[in-house]
Amino acid sequence: MNKLNIKRRIVLTGGPGGGKTTALDLFRRELKGKIVSVPEAATMIFSGGIDRSFVTEVACAQQVAIFNLQRHLEDIQRKTTPDGLILCDRGCLDGLAYWPHSEEDFFKTMNTSLNFELSRYDAVIFFETAAKSGQEIKSNNPVRNESAQKAIILDQKLQQIWSQHPNFNLVSSSESFIKKIMFGITTIEDVIDKI
């Protein structure tokens with residue numbers, strides 16, 4: 001692969017309560033010096049004094065802000081570490097699962113396309129919500145407060161979106177957390193080895 005075509009970017013995503021935030025903290029420690037990370041834009045916004053809204057116009061405005069912040073955070077890390085492997089806590093396409101209108105409307109509003117957004121990342125590591133295997137979901141993220149049923153619905157939407165990536169890696173909810181972490185680290189190291 002031509003060095004110029006390498007994005008050197010991995011998305012870590014999944015439904016609420018999948019262990020993603022805890023996994024990301026462990027990845028940072030285990031792979032220190034090999035990766036740089038991008039924080040989750042939605043968490044930054046919702047923990048910064050803006051409340052989630054279910055009013056359609058407000059929810060749309062929030063998702064536009066999240067999308068743009070996520071994009072800019074990724075761009076900052078790329079400029080800061082031009083050759084580094086960037087591990088993103090969620091990606092720009094996550095907002096599609098929360099968008100109150102059609103998929104077509106999302107891409108028109110964001111002035112992008114599914115193919116373009118997928119092409120921005122080398123790999124996707126998807127942590128399936130623990131709610132899918134009947135486990136209680138606990139989040140280390142205080143702005144995540146979805147019920148188990150809502151977590152399953154969001155997980156299905158997110159998985160449908162991200163599974164279209166050619167290097168989609170599913171970490172099943174039925175796996176032990178240790179196995180999830182090991183799978184994630186192995187996947188990241190595989191991407192590092194290929195670039």
# chains A, B, ... in the order shown; residues from 1 in each chain; ligands from 1
$ select_by_dssp --residues "region 73-150 of chain A" --states "strand (DSSP E)" --output "compact mmCIF listing (two decimals) with C-alpha atoms, in the first residue's frame"
# COMPACT_ATOMS: atom_id res chain seq x y z
CA LEU A 85 -1.43 5.53 14.63
CA ILE A 86 -4.56 7.31 15.84
CA LEU A 87 -7.08 5.40 17.95
CA CYS A 88 -10.44 7.19 17.87
CA ASP A 89 -12.95 6.89 20.69
CA ALA A 123 -9.94 -0.50 10.76
CA VAL A 124 -12.96 -0.61 13.05
CA ILE A 125 -12.97 -2.43 16.37
CA PHE A 126 -16.57 -2.81 17.49
CA PHE A 127 -17.28 -3.63 21.13
$ residues_around --residues "Leu154 (chain A)" --least-positions-apart "6" --cutoff "12 Å" --atoms "only C-alpha atoms" --output "number ranges by chain"
A: 13-18, 94-99, 128-129, 131-132, 144, 146-148, 160-161
$ residues_around --residues "region 34-36 of chain A" --least-positions-apart "2" --cutoff "8 Å" --atoms "only C-alpha atoms" --output "short mmCIF file (atom, residue, chain, number, x, y, z; two decimals) with C-alpha atoms, in the first residue's frame"
data_model
loop_
_atom_site.label_atom_id
_atom_site.label_comp_id
_atom_site.auth_asym_id
_atom_site.auth_seq_id
_atom_site.Cartn_x
_atom_site.Cartn_y
_atom_site.Cartn_z
CA ARG A 28 -3.37 3.64 25.94
CA LEU A 31 0.42 0.52 23.58
CA LYS A 32 2.01 3.69 24.99
CA VAL A 38 -8.82 11.01 20.04
CA GLN A 77 -4.05 14.56 16.24
CA THR A 81 1.52 13.22 15.08
CA GLY A 84 1.30 8.13 14.40
CA LEU A 85 -1.43 5.53 14.63
CA ILE A 86 -4.56 7.31 15.84
CA LEU A 87 -7.08 5.40 17.95
#
$ closest_residue --among "A:Arg90, A:Gly48, A:Thr80, A:Met110" --to "Gln63 (chain A)" --atoms "only C-alpha atoms"
A:Met110
